[in-house]
Amino acid sequence: MRQFGNWLYNTFLANWMRRVLTLSGLVAAGVLLYVFLPPIGGPDSCATGVEKHGGECIGVNGTGYAFGTREIDEVARAIAKENEEFVGDKPHVTVALMLPLQPDIAAERVQLRSEIQGAYLAQYRANREENTPLLRLVLANPGDAYAQQERVVDQLADMAADKNDNLRAVTGFNLSLDATEKAIARLTGDLHIPVLAARVSADGLANPEKSAGKEPYPGLARIIPTNRQQADALASFHGELKDEETVLVRDKRPRDIYNNSLAEAFSRDEKGPPGPKDQTFDSPSITDPGDTGNDFTLIAQNICQSTARYVYFAGRPVHLRLFALKLADVQCRGKKYTIVSGSGAATLERYMKGDDWERLRGGGQEPVVTVQYAAPGHPDAWNHELSGKSGKKGGAKGRPAYLTEPQRELDELRALIGRGSAGEIGPVRLKDSRTMLVHDGVRTIAKAVLLSNAQTEGTVPPLKRVSDMWQRLEAVNRVRGASGWICLTNAGNAYDKPVAVVELNPRTEELEFVGIGWPEGKPQPEDCRVPSGT
């Protein structure tokens, strides 16, 4: 009988137990693999809302992830703290800051930090100054040159529909490229998500004034002057230059609409005898000089033989720096040049290296080449202008309000930075205008959200209600920005926004404010009312 029992156990029960244990082990192993390993063939996760595609971490995050860019670690953590501890579950809207967040070049990582700092400081102020709903800020990485923007736009569309996220605006956009245009067109067109463009200046990324047909970007607002407006402001500042005194040097690289727009803006009607023909070059990318140095030497030799002393440069900062050095290297009978460029040159100083300053001085004390550009803002602008403009009508003590109000706003921003009450966000530099402008962009969004809730404080406004408020931001509802008054036209464009003319001075080896140029040739109306016809 015992033998029969042993046989029964070994034949059925033991085999059954082994099978159960084996099956349980396989299930446990499967669970561990599922939890700790990514799905086969699927993307790796970089952080919440962010996945690795093509070697980049693409997606949207507001919980402190810095996308592997150490320069923005502190400000990313500050955003996360504001989102979690101050906003939390209170009524809020989400604003996405869409920028390439993993740049390879050190100068670009520093300027990225400036832009994110501006957005965060505006969020911090709005959450303590305005009525509810509060602002939640998230960072959105579309990849290098916005090449993977489609994935991010998909996420933003989901966030706009999600009742917990309540995405109500997207801002940022610091490069005027074909991919940027596609992202803005889809956000504003198909998805009806309001967009505020803080940094892109290409004329093609703006709704035309007095358009009889459908706007290309319904729901788009922009607070930076277009390239044409910047060129008009520079022309107003410099006075009329004769054609023979100027030459245009332009980058022909395709799909860079900033370069194309700036070149078109600098191409003026001829005044007087004709000047030299346009000098063109073809760069390999935004940040790669390639062999353009050889071209620049030959171009400089040709310019030397001409009557041109002002060089309009339509290109990116990496190429502008190299061109300025090559122009200075060509000894030209004591001839001195001023290179004039657009707002894309705002970070040129950060690309300067060791002996660059001496080369721009031609080895002597006085500059051979100086570079001026149209900056969308400068921290010295208002004090400089007020010191020479007292006695004008309007504003405190007879000084114009279009100067005193931005000065007051800038003082408040500086005080916030100085007190450190907004937390550790890394060193803040205002001179490159990026912090100021992105700050003003998020402040503009906050104002639009506030106005859209004028009768129903605390509720989350519909998407269209926010974009409808762009055209209300003028006169008494103007935005008092640190970079100047923001008064929007019916097309969503900033009217007569002042341009800071800034000079890279080889004599002092400093970035210096020179003066203010106005696109309309004169300052904004006293109360910031946008006139008819615009």
# chains A, B, ... in the order shown; residues from 1 in each chain; ligands from 1
>>> residues_around(residues="stretch 200-217 of chain A", least_positions_apart="6", cutoff="9 Å", atoms="only C-alpha atoms", output="number ranges by chain")
A: 172-177, 180-181, 184-189, 224-230, 257-262, 265, 342-344, 489-493, 533-534
>>> residues_around(residues="stretch 139-151 of chain A", least_positions_apart="6", cutoff="6 Å", atoms="only C-alpha atoms", output="ChimeraX atom specification")
/A:58-61,96-101,179
>>> residues_around(residues="A:Glu108", least_positions_apart="3", cutoff="12 Å", atoms="only C-alpha atoms", output="number ranges by chain")
A: 69, 71-72, 99-105, 111-115, 144, 174-175, 286-287, 317-318, 344, 346-351, 432, 434
>>> select_by_dssp(residues="stretch 183-331 of chain A", states="strand (DSSP E or B)", output="PyMOL selection string")
chain A and resi 195-197+220-222+246-251+279-281+310-314
>>> write_last_selection(atoms="C-alpha atoms", output="PDB file, in the first residue's frame")
ATOM      1  CA  VAL A 195       0.338  80.414 -29.110  1.00  0.00           C
ATOM      2  CA  LEU A 196       2.452  83.338 -27.967  1.00  0.00           C
ATOM      3  CA  ALA A 197       5.704  83.601 -29.930  1.00  0.00           C
ATOM      4  CA  LEU A 220      -1.185  83.489 -32.611  1.00  0.00           C
ATOM      5  CA  ALA A 221       0.210  86.478 -30.733  1.00  0.00           C
ATOM      6  CA  ARG A 222       3.786  87.734 -30.877  1.00  0.00           C
ATOM      7  CA  THR A 246      25.789  99.490 -47.558  1.00  0.00           C
ATOM      8  CA  VAL A 247      26.151  95.858 -48.591  1.00  0.00           C
ATOM      9  CA  LEU A 248      24.101  92.795 -47.683  1.00  0.00           C
ATOM     10  CA  VAL A 249      25.812  89.549 -46.648  1.00  0.00           C
ATOM     11  CA  ARG A 250      23.304  86.701 -46.406  1.00  0.00           C
ATOM     12  CA  ASP A 251      23.165  82.977 -45.663  1.00  0.00           C
ATOM     13  CA  GLN A 279      27.380  88.702 -50.945  1.00  0.00           C
ATOM     14  CA  THR A 280      25.995  85.231 -50.258  1.00  0.00           C
ATOM     15  CA  PHE A 281      27.290  82.157 -48.462  1.00  0.00           C
ATOM     16  CA  TYR A 310      27.756  99.390 -43.251  1.00  0.00           C
ATOM     17  CA  VAL A 311      27.318  95.633 -43.660  1.00  0.00           C
ATOM     18  CA  TYR A 312      23.829  94.169 -43.202  1.00  0.00           C
ATOM     19  CA  PHE A 313      24.292  90.576 -42.050  1.00  0.00           C
ATOM     20  CA  ALA A 314      21.462  88.050 -42.419  1.00  0.00           C
TER      21      ALA A 314
END
>>> residues_around(residues="stretch 477-487 of chain A", least_positions_apart="5", cutoff="6 Å", atoms="only C-alpha atoms", output="ChimeraX atom specification")
/A:377,406,409-410,440,494-495
>>> residues_around(residues="A:Glu503", least_positions_apart="2", cutoff="8 Å", atoms="only C-alpha atoms", output="number ranges by chain")
A: 370-373, 501, 505, 511-514
>>> select_by_dssp(residues="stretch 359-463 of chain A", states="helix (DSSP H, G or I)", output="MDAnalysis selection string")
chainID A and resid 359:360 381:387 396:398 401:419 434:452 463
>>> closest_residue(among="A:Asp278, A:Asp295, A:Asp356, A:Asp232", to="A:Lys497", atoms="only C-alpha atoms")
A:Asp232
>>> closest_residue(among="A:Tyr120, A:Phe67, A:Phe86, A:Phe237", to="A:Leu413", atoms="only C-alpha atoms")
A:Tyr120
>>> residues_around(residues="A:Asn383", least_positions_apart="3", cutoff="9 Å", atoms="only C-alpha atoms", output="PDB file with all heavy atoms, in the first residue's frame")
ATOM      1  N   PRO A 379      18.480  95.900 -20.363  1.00  0.00           N
ATOM      2  CA  PRO A 379      18.204  96.433 -19.020  1.00  0.00           C
ATOM      3  C   PRO A 379      18.630  97.884 -18.812  1.00  0.00           C
ATOM      4  O   PRO A 379      18.190  98.518 -17.847  1.00  0.00           O
ATOM      5  CB  PRO A 379      18.988  95.486 -18.104  1.00  0.00           C
ATOM      6  CG  PRO A 379      20.050  94.882 -18.968  1.00  0.00           C
ATOM      7  CD  PRO A 379      19.446  94.778 -20.324  1.00  0.00           C
ATOM      8  N   ASP A 380      19.477  98.430 -19.684  1.00  0.00           N
ATOM      9  CA  ASP A 380      19.908  99.825 -19.540  1.00  0.00           C
ATOM     10  C   ASP A 380      19.042 100.796 -20.336  1.00  0.00           C
ATOM     11  O   ASP A 380      19.234 102.013 -20.249  1.00  0.00           O
ATOM     12  CB  ASP A 380      21.364  99.985 -20.000  1.00  0.00           C
ATOM     13  CG  ASP A 380      22.346  99.215 -19.129  1.00  0.00           C
ATOM     14  OD1 ASP A 380      21.990  98.908 -17.975  1.00  0.00           O
ATOM     15  OD2 ASP A 380      23.455  98.905 -19.602  1.00  0.00           O
ATOM     16  N   LEU A 386      15.458 107.848 -20.231  1.00  0.00           N
ATOM     17  CA  LEU A 386      14.853 108.804 -19.307  1.00  0.00           C
ATOM     18  C   LEU A 386      15.822 109.910 -18.911  1.00  0.00           C
ATOM     19  O   LEU A 386      15.425 111.057 -18.680  1.00  0.00           O
ATOM     20  CB  LEU A 386      14.345 108.070 -18.055  1.00  0.00           C
ATOM     21  CG  LEU A 386      13.056 107.283 -18.248  1.00  0.00           C
ATOM     22  CD1 LEU A 386      12.833 106.312 -17.088  1.00  0.00           C
ATOM     23  CD2 LEU A 386      11.867 108.214 -18.392  1.00  0.00           C
ATOM     24  N   SER A 387      17.079 109.588 -18.848  1.00  0.00           N
ATOM     25  CA  SER A 387      18.061 110.605 -18.464  1.00  0.00           C
ATOM     26  C   SER A 387      18.168 111.709 -19.503  1.00  0.00           C
ATOM     27  O   SER A 387      18.580 112.822 -19.189  1.00  0.00           O
ATOM     28  CB  SER A 387      19.438 109.964 -18.271  1.00  0.00           C
ATOM     29  OG  SER A 387      19.929 109.453 -19.513  1.00  0.00           O
ATOM     30  N   GLY A 388      17.743 111.438 -20.739  1.00  0.00           N
ATOM     31  CA  GLY A 388      17.821 112.463 -21.779  1.00  0.00           C
ATOM     32  C   GLY A 388      16.470 112.927 -22.265  1.00  0.00           C
ATOM     33  O   GLY A 388      16.393 113.722 -23.201  1.00  0.00           O
ATOM     34  N   LEU A 403       8.185 104.950 -21.181  1.00  0.00           N
ATOM     35  CA  LEU A 403       9.510 104.688 -20.611  1.00  0.00           C
ATOM     36  C   LEU A 403       9.426 104.367 -19.121  1.00  0.00           C
ATOM     37  O   LEU A 403      10.101 103.461 -18.637  1.00  0.00           O
ATOM     38  CB  LEU A 403      10.432 105.900 -20.818  1.00  0.00           C
ATOM     39  CG  LEU A 403      10.742 106.300 -22.264  1.00  0.00           C
ATOM     40  CD1 LEU A 403      11.622 107.547 -22.279  1.00  0.00           C
ATOM     41  CD2 LEU A 403      11.427 105.169 -23.024  1.00  0.00           C
ATOM     42  N   THR A 404       8.608 105.122 -18.388  1.00  0.00           N
ATOM     43  CA  THR A 404       8.569 104.946 -16.932  1.00  0.00           C
ATOM     44  C   THR A 404       7.920 103.632 -16.520  1.00  0.00           C
ATOM     45  O   THR A 404       8.358 102.993 -15.556  1.00  0.00           O
ATOM     46  CB  THR A 404       7.826 106.115 -16.266  1.00  0.00           C
ATOM     47  OG1 THR A 404       6.503 106.218 -16.803  1.00  0.00           O
ATOM     48  CG2 THR A 404       8.568 107.422 -16.495  1.00  0.00           C
ATOM     49  N   GLN A 407      10.300 100.740 -17.057  1.00  0.00           N
ATOM     50  CA  GLN A 407      11.362 100.846 -16.060  1.00  0.00           C
ATOM     51  C   GLN A 407      10.898 100.307 -14.713  1.00  0.00           C
ATOM     52  O   GLN A 407      11.618  99.582 -14.027  1.00  0.00           O
ATOM     53  CB  GLN A 407      11.799 102.300 -15.911  1.00  0.00           C
ATOM     54  CG  GLN A 407      12.871 102.525 -14.836  1.00  0.00           C
ATOM     55  CD  GLN A 407      14.173 101.828 -15.158  1.00  0.00           C
ATOM     56  OE1 GLN A 407      14.858 102.202 -16.108  1.00  0.00           O
ATOM     57  NE2 GLN A 407      14.524 100.798 -14.402  1.00  0.00           N
TER      58      GLN A 407
END
>>> closest_residue(among="A:Gly55, A:Ala157, A:Gly521, A:Lys447", to="A:Glu129", atoms="only C-alpha atoms")
A:Lys447
>>> closest_residue(among="A:Lys336, A:Lys81, A:Lys464, A:Arg136", to="A:Leu167", atoms="only C-alpha atoms")
A:Arg136
>>> atom_distance(atom1="atom CA of A:Asn302", atom2="atom CA of A:His238")
24.3 Å
>>> atom_distance(atom1="atom CA of A:Gly54", atom2="atom CA of A:Val153")
17.2 Å
>>> atom_distance(atom1="atom CA of A:Leu451", atom2="atom CA of A:Asp165")
20.2 Å
>>> residues_around(residues="A:Pro523", least_positions_apart="6", cutoff="10 Å", atoms="only C-alpha atoms", output="JSON, numbers by chain")
{"A": [400, 402, 403, 496, 497, 498, 516, 517]}
>>> closest_residue(among="A:Ala76, A:Ser433, A:Lys252, A:Asn131", to="A:Ala375", atoms="only C-alpha atoms")
A:Ser433
